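Below: work-v1.cif (mmCIF, C-alpha atoms)
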data_data
#
loop_
_atom_site.group_PDB
_atom_site.id
_atom_site.type_symbol
_atom_site.label_atom_id
_atom_site.label_comp_id
_atom_site.auth_asym_id
_atom_site.auth_seq_id
_atom_site.Cartn_x
_atom_site.Cartn_y
_atom_site.Cartn_z
ATOM 1 C CA MET A 1 -13.824 -19.455 3.444
ATOM 2 C CA THR A 2 -15.451 -17.887 6.503
ATOM 3 C CA LEU A 3 -18.207 -15.278 6.201
ATOM 4 C CA TYR A 4 -15.808 -12.443 7.039
ATOM 5 C CA GLU A 5 -13.265 -13.743 4.504
ATOM 6 C CA ARG A 6 -15.992 -13.778 1.819
ATOM 7 C CA ILE A 7 -16.984 -10.215 2.759
ATOM 8 C CA TYR A 8 -13.373 -8.992 2.539
ATOM 9 C CA PHE A 9 -12.846 -10.877 -0.744
ATOM 10 C CA VAL A 10 -15.817 -9.110 -2.341
ATOM 11 C CA ILE A 11 -14.836 -5.692 -0.967
ATOM 12 C CA ARG A 12 -11.371 -6.104 -2.504
ATOM 13 C CA GLN A 13 -13.090 -6.183 -5.908
ATOM 14 C CA ILE A 14 -14.409 -2.596 -5.573
ATOM 15 C CA PRO A 15 -12.247 -0.492 -7.886
ATOM 16 C CA HIS A 16 -10.419 2.690 -6.970
ATOM 17 C CA GLY A 17 -12.799 5.660 -7.192
ATOM 18 C CA LYS A 18 -15.960 3.582 -6.695
ATOM 19 C CA VAL A 19 -18.102 2.810 -3.660
ATOM 20 C CA ALA A 20 -20.501 0.029 -2.710
ATOM 21 C CA THR A 21 -23.179 -0.112 -0.034
ATOM 22 C CA TYR A 22 -23.282 -2.471 2.920
ATOM 23 C CA GLY A 23 -26.436 -4.009 1.446
ATOM 24 C CA GLN A 24 -24.847 -4.499 -1.953
ATOM 25 C CA ILE A 25 -21.927 -6.374 -0.403
ATOM 26 C CA ALA A 26 -24.339 -8.478 1.686
ATOM 27 C CA ARG A 27 -26.344 -9.452 -1.412
ATOM 28 C CA ILE A 28 -23.210 -10.490 -3.298
ATOM 29 C CA VAL A 29 -21.804 -12.475 -0.371
ATOM 30 C CA GLY A 30 -25.124 -14.187 0.387
ATOM 31 C CA ALA A 31 -26.377 -15.514 3.724
ATOM 32 C CA CYS A 32 -25.392 -12.147 5.173
ATOM 33 C CA SER A 33 -26.970 -8.852 6.243
ATOM 34 C CA PRO A 34 -25.694 -5.285 5.785
ATOM 35 C CA ARG A 35 -25.109 -5.138 9.541
ATOM 36 C CA MET A 36 -22.876 -8.221 9.327
ATOM 37 C CA VAL A 37 -20.822 -6.445 6.650
ATOM 38 C CA GLY A 38 -20.401 -3.556 9.086
ATOM 39 C CA TYR A 39 -19.311 -5.927 11.857
ATOM 40 C CA ALA A 40 -16.774 -7.524 9.515
ATOM 41 C CA LEU A 41 -15.333 -4.131 8.621
ATOM 42 C CA ALA A 42 -15.168 -3.130 12.284
ATOM 43 C CA ALA A 43 -13.153 -6.311 12.935
ATOM 44 C CA LEU A 44 -10.534 -5.547 10.263
ATOM 45 C CA GLN A 45 -6.969 -5.564 11.504
ATOM 46 C CA SER A 46 -4.904 -2.413 11.130
ATOM 47 C CA GLY A 47 -2.899 -2.497 7.907
ATOM 48 C CA SER A 48 -5.376 -4.749 6.090
ATOM 49 C CA ASP A 49 -5.392 -4.627 2.276
ATOM 50 C CA THR A 50 -9.211 -4.520 2.280
ATOM 51 C CA PRO A 51 -10.356 -1.077 1.045
ATOM 52 C CA TRP A 52 -12.870 -0.574 3.871
ATOM 53 C CA GLN A 53 -13.347 3.082 2.968
ATOM 54 C CA ARG A 54 -15.189 2.088 -0.229
ATOM 55 C CA VAL A 55 -18.214 0.730 1.671
ATOM 56 C CA ILE A 56 -20.849 3.314 2.583
ATOM 57 C CA ASN A 57 -24.522 3.301 3.495
ATOM 58 C CA SER A 58 -27.462 3.116 1.094
ATOM 59 C CA GLN A 59 -28.017 6.878 1.362
ATOM 60 C CA GLY A 60 -24.605 7.474 -0.199
ATOM 61 C CA LYS A 61 -23.156 8.631 3.102
ATOM 62 C CA ILE A 62 -20.463 7.453 5.453
ATOM 63 C CA SER A 63 -22.005 5.586 8.368
ATOM 64 C CA LEU A 64 -20.956 7.523 11.427
ATOM 65 C CA ARG A 65 -18.804 5.848 14.037
ATOM 66 C CA ILE A 66 -18.042 6.815 17.582
ATOM 67 C CA ASP A 67 -14.558 7.868 16.446
ATOM 68 C CA GLU A 68 -15.040 11.066 14.436
ATOM 69 C CA ILE A 69 -11.438 10.875 13.204
ATOM 70 C CA GLU A 70 -12.250 7.624 11.361
ATOM 71 C CA ASN A 71 -15.326 9.248 9.803
ATOM 72 C CA ASN A 72 -13.177 12.069 8.457
ATOM 73 C CA LEU A 73 -10.482 9.620 7.356
ATOM 74 C CA GLN A 74 -12.957 7.585 5.320
ATOM 75 C CA GLN A 75 -14.187 10.666 3.473
ATOM 76 C CA LEU A 76 -10.629 11.919 2.927
ATOM 77 C CA LEU A 77 -9.527 8.554 1.524
ATOM 78 C CA LEU A 78 -12.494 8.460 -0.843
ATOM 79 C CA GLU A 79 -11.940 12.052 -1.948
ATOM 80 C CA ALA A 80 -8.294 11.173 -2.671
ATOM 81 C CA GLU A 81 -9.690 8.494 -5.029
ATOM 82 C CA GLY A 82 -11.836 11.121 -6.789
ATOM 83 C CA VAL A 83 -15.146 10.410 -5.039
ATOM 84 C CA THR A 84 -16.959 13.667 -4.272
ATOM 85 C CA PHE A 85 -19.427 14.520 -1.520
ATOM 86 C CA ASP A 86 -21.984 17.316 -1.342
ATOM 87 C CA GLU A 87 -22.395 19.730 1.574
ATOM 88 C CA LYS A 88 -24.571 17.147 3.382
ATOM 89 C CA GLY A 89 -21.869 14.480 3.120
ATOM 90 C CA LYS A 90 -23.601 12.503 0.386
ATOM 91 C CA THR A 91 -22.015 11.014 -2.727
ATOM 92 C CA ASP A 92 -23.787 10.322 -6.000
ATOM 93 C CA LEU A 93 -24.240 6.537 -6.164
ATOM 94 C CA GLN A 94 -25.204 6.817 -9.842
ATOM 95 C CA GLN A 95 -21.797 8.293 -10.603
ATOM 96 C CA PHE A 96 -19.555 6.597 -8.032
ATOM 97 C CA GLY A 97 -21.462 3.403 -7.267
ATOM 98 C CA TRP A 98 -19.803 0.112 -8.153
ATOM 99 C CA GLU A 99 -21.757 -2.062 -10.574
ATOM 100 C CA GLY A 100 -20.799 -5.209 -8.675
ATOM 101 C CA VAL A 101 -19.653 -8.554 -9.965
ATOM 102 C CA THR A 102 -20.949 -10.781 -12.746
ATOM 103 C CA TRP A 103 -22.559 -14.204 -12.425
ATOM 104 C CA GLU A 104 -19.454 -15.618 -14.065
ATOM 105 C CA TRP A 105 -17.264 -14.082 -11.352
ATOM 106 C CA LEU A 106 -19.555 -15.439 -8.622
ATOM 107 C CA ASN A 107 -19.451 -18.908 -10.158
ATOM 108 C CA LYS A 108 -15.679 -18.829 -10.723
ATOM 109 C CA HIS A 109 -15.089 -17.952 -7.062
ATOM 110 C CA ASN A 110 -17.663 -20.426 -5.700
ATOM 111 C CA MET A 111 -19.821 -17.622 -4.312
ATOM 112 C CA LEU A 112 -23.076 -19.101 -5.684
ATOM 113 C CA ASN A 113 -23.185 -21.776 -2.999
ATOM 114 C CA TYR A 114 -24.384 -19.335 -0.339
ATOM 115 C CA GLU A 115 -28.091 -18.611 -0.035
ATOM 116 C CA ASN A 116 -29.259 -15.011 0.039
#

For this file, produce the structure as structure tokens.
Amino acid sequence: MTLYERIYFVIRQIPHGKVATYGQIARIVGACSPRMVGYALAALQSGSDTPWQRVINSQGKISLRIDEIENNLQQLLLEAEGVTFDEKGKTDLQQFGWEGVTWEWLNKHNMLNYEN
């Protein structure tokens, strides 16, 4: 599995109504940085089944892109899943943050072979 495929595989595990941070995904994937997670998401093909909208920054905000329409779309998609944002565009990671995967899941999917 390529790095991007591992990133997408992990992101597909984020449940409806939950969010994860770029750093969280990078730590799970291993041998990866939060920026690399962002690059992988930017490279997603239109119509992908990867729920890209569920990955936000460590401040609980949507990382702004050049395309403001995509920024609004990400927030709208998350709100449709029940994720709420305050007036500053921040979500409560304690409430909506994904707990991640277990060691058993990592081992089952051969994700422990990659160094962090």

Legend entry - Selection result for the PyMOL selection byres ((chain A and resi 12) around 9) on this file, as a VMD selection string: chain A and resid 7 to 11 13 to 15 49 to 52

Inset, instruction - Find the residues around Leu77 in chain A up to 12 Å (only C-alpha atoms counted), leave out those fewer than 2 positions away in its own chain, and share them as number ranges by chain. - result: A: 16-19, 51-55, 62, 70-75, 79-85

Within 12 Å of (-23.6, -14.5, -7.3), in the coordinates the file gives, what residues turn up when you count all atoms listed in the file, written out as a PDB file with C-alpha atoms, in the frame of the given file?
ATOM      1  CA  ARG A   6     -15.992 -13.778   1.819  1.00  0.00           C
ATOM      2  CA  VAL A  10     -15.817  -9.110  -2.341  1.00  0.00           C
ATOM      3  CA  GLN A  24     -24.847  -4.499  -1.953  1.00  0.00           C
ATOM      4  CA  ILE A  25     -21.927  -6.374  -0.403  1.00  0.00           C
ATOM      5  CA  ALA A  26     -24.339  -8.478   1.686  1.00  0.00           C
ATOM      6  CA  ARG A  27     -26.344  -9.452  -1.412  1.00  0.00           C
ATOM      7  CA  ILE A  28     -23.210 -10.490  -3.298  1.00  0.00           C
ATOM      8  CA  VAL A  29     -21.804 -12.475  -0.371  1.00  0.00           C
ATOM      9  CA  GLY A  30     -25.124 -14.187   0.387  1.00  0.00           C
ATOM     10  CA  ALA A  31     -26.377 -15.514   3.724  1.00  0.00           C
ATOM     11  CA  GLY A 100     -20.799  -5.209  -8.675  1.00  0.00           C
ATOM     12  CA  VAL A 101     -19.653  -8.554  -9.965  1.00  0.00           C
ATOM     13  CA  THR A 102     -20.949 -10.781 -12.746  1.00  0.00           C
ATOM     14  CA  TRP A 103     -22.559 -14.204 -12.425  1.00  0.00           C
ATOM     15  CA  GLU A 104     -19.454 -15.618 -14.065  1.00  0.00           C
ATOM     16  CA  TRP A 105     -17.264 -14.082 -11.352  1.00  0.00           C
ATOM     17  CA  LEU A 106     -19.555 -15.439  -8.622  1.00  0.00           C
ATOM     18  CA  ASN A 107     -19.451 -18.908 -10.158  1.00  0.00           C
ATOM     19  CA  LYS A 108     -15.679 -18.829 -10.723  1.00  0.00           C
ATOM     20  CA  HIS A 109     -15.089 -17.952  -7.062  1.00  0.00           C
ATOM     21  CA  ASN A 110     -17.663 -20.426  -5.700  1.00  0.00           C
ATOM     22  CA  MET A 111     -19.821 -17.622  -4.312  1.00  0.00           C
ATOM     23  CA  LEU A 112     -23.076 -19.101  -5.684  1.00  0.00           C
ATOM     24  CA  ASN A 113     -23.185 -21.776  -2.999  1.00  0.00           C
ATOM     25  CA  TYR A 114     -24.384 -19.335  -0.339  1.00  0.00           C
ATOM     26  CA  GLU A 115     -28.091 -18.611  -0.035  1.00  0.00           C
ATOM     27  CA  ASN A 116     -29.259 -15.011   0.039  1.00  0.00           C
TER      28      ASN A 116
END

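Shortest separation to Thr21 in chain A among A:Leu64, A:Ala42, A:Leu78, A:Val37 occurs at residue A:Val37, atoms counted being all atoms listed in the file.
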
Legend entry - Residue members of the PyMOL selection byres ((chain A and resi 94) around 12) in the file shown, as a ChimeraX atom specification: /A:18-20,58-60,83,90-93,95-99

Inset, instruction - Fewer than 6 positions away in the same chain doesn't count, so skip those; otherwise give me all residues within 9 Å of Tyr22 in chain A, counting all atoms listed in the file, as a list of chain:residue names. - result: A:Ser33, A:Pro34, A:Arg35, A:Met36, A:Val37, A:Gly38, A:Val55, A:Ile56, A:Asn57, A:Ser58

Inset, instruction - One decimal, Å: what's the distance from CA of Glu87 in chain A over to CA of Tyr39 in chain A, could you say? - result: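 CA of Tyr39 in chain A lies at a distance of 27.8 Å from CA of Glu87 in chain A.
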
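Taking CA of Ser48 in chain A as the reference point, CA of Thr2 in chain A is found at 16.6 Å.
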
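Distance-wise, CA of Leu3 in chain A and CA of Ala43 in chain A end up 12.3 Å apart.
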
Box time for range 34-50 of chain A: axis-aligned, enclosing all its listed atoms, 3 Å extra on each side; report centre and edge lengths in Å to one decimal, as AutoDock Vina command-line options.
--center_x -14.3 --center_y -5.3 --center_z 7.6 --size_x 28.8 --size_y 11.8 --size_z 16.7
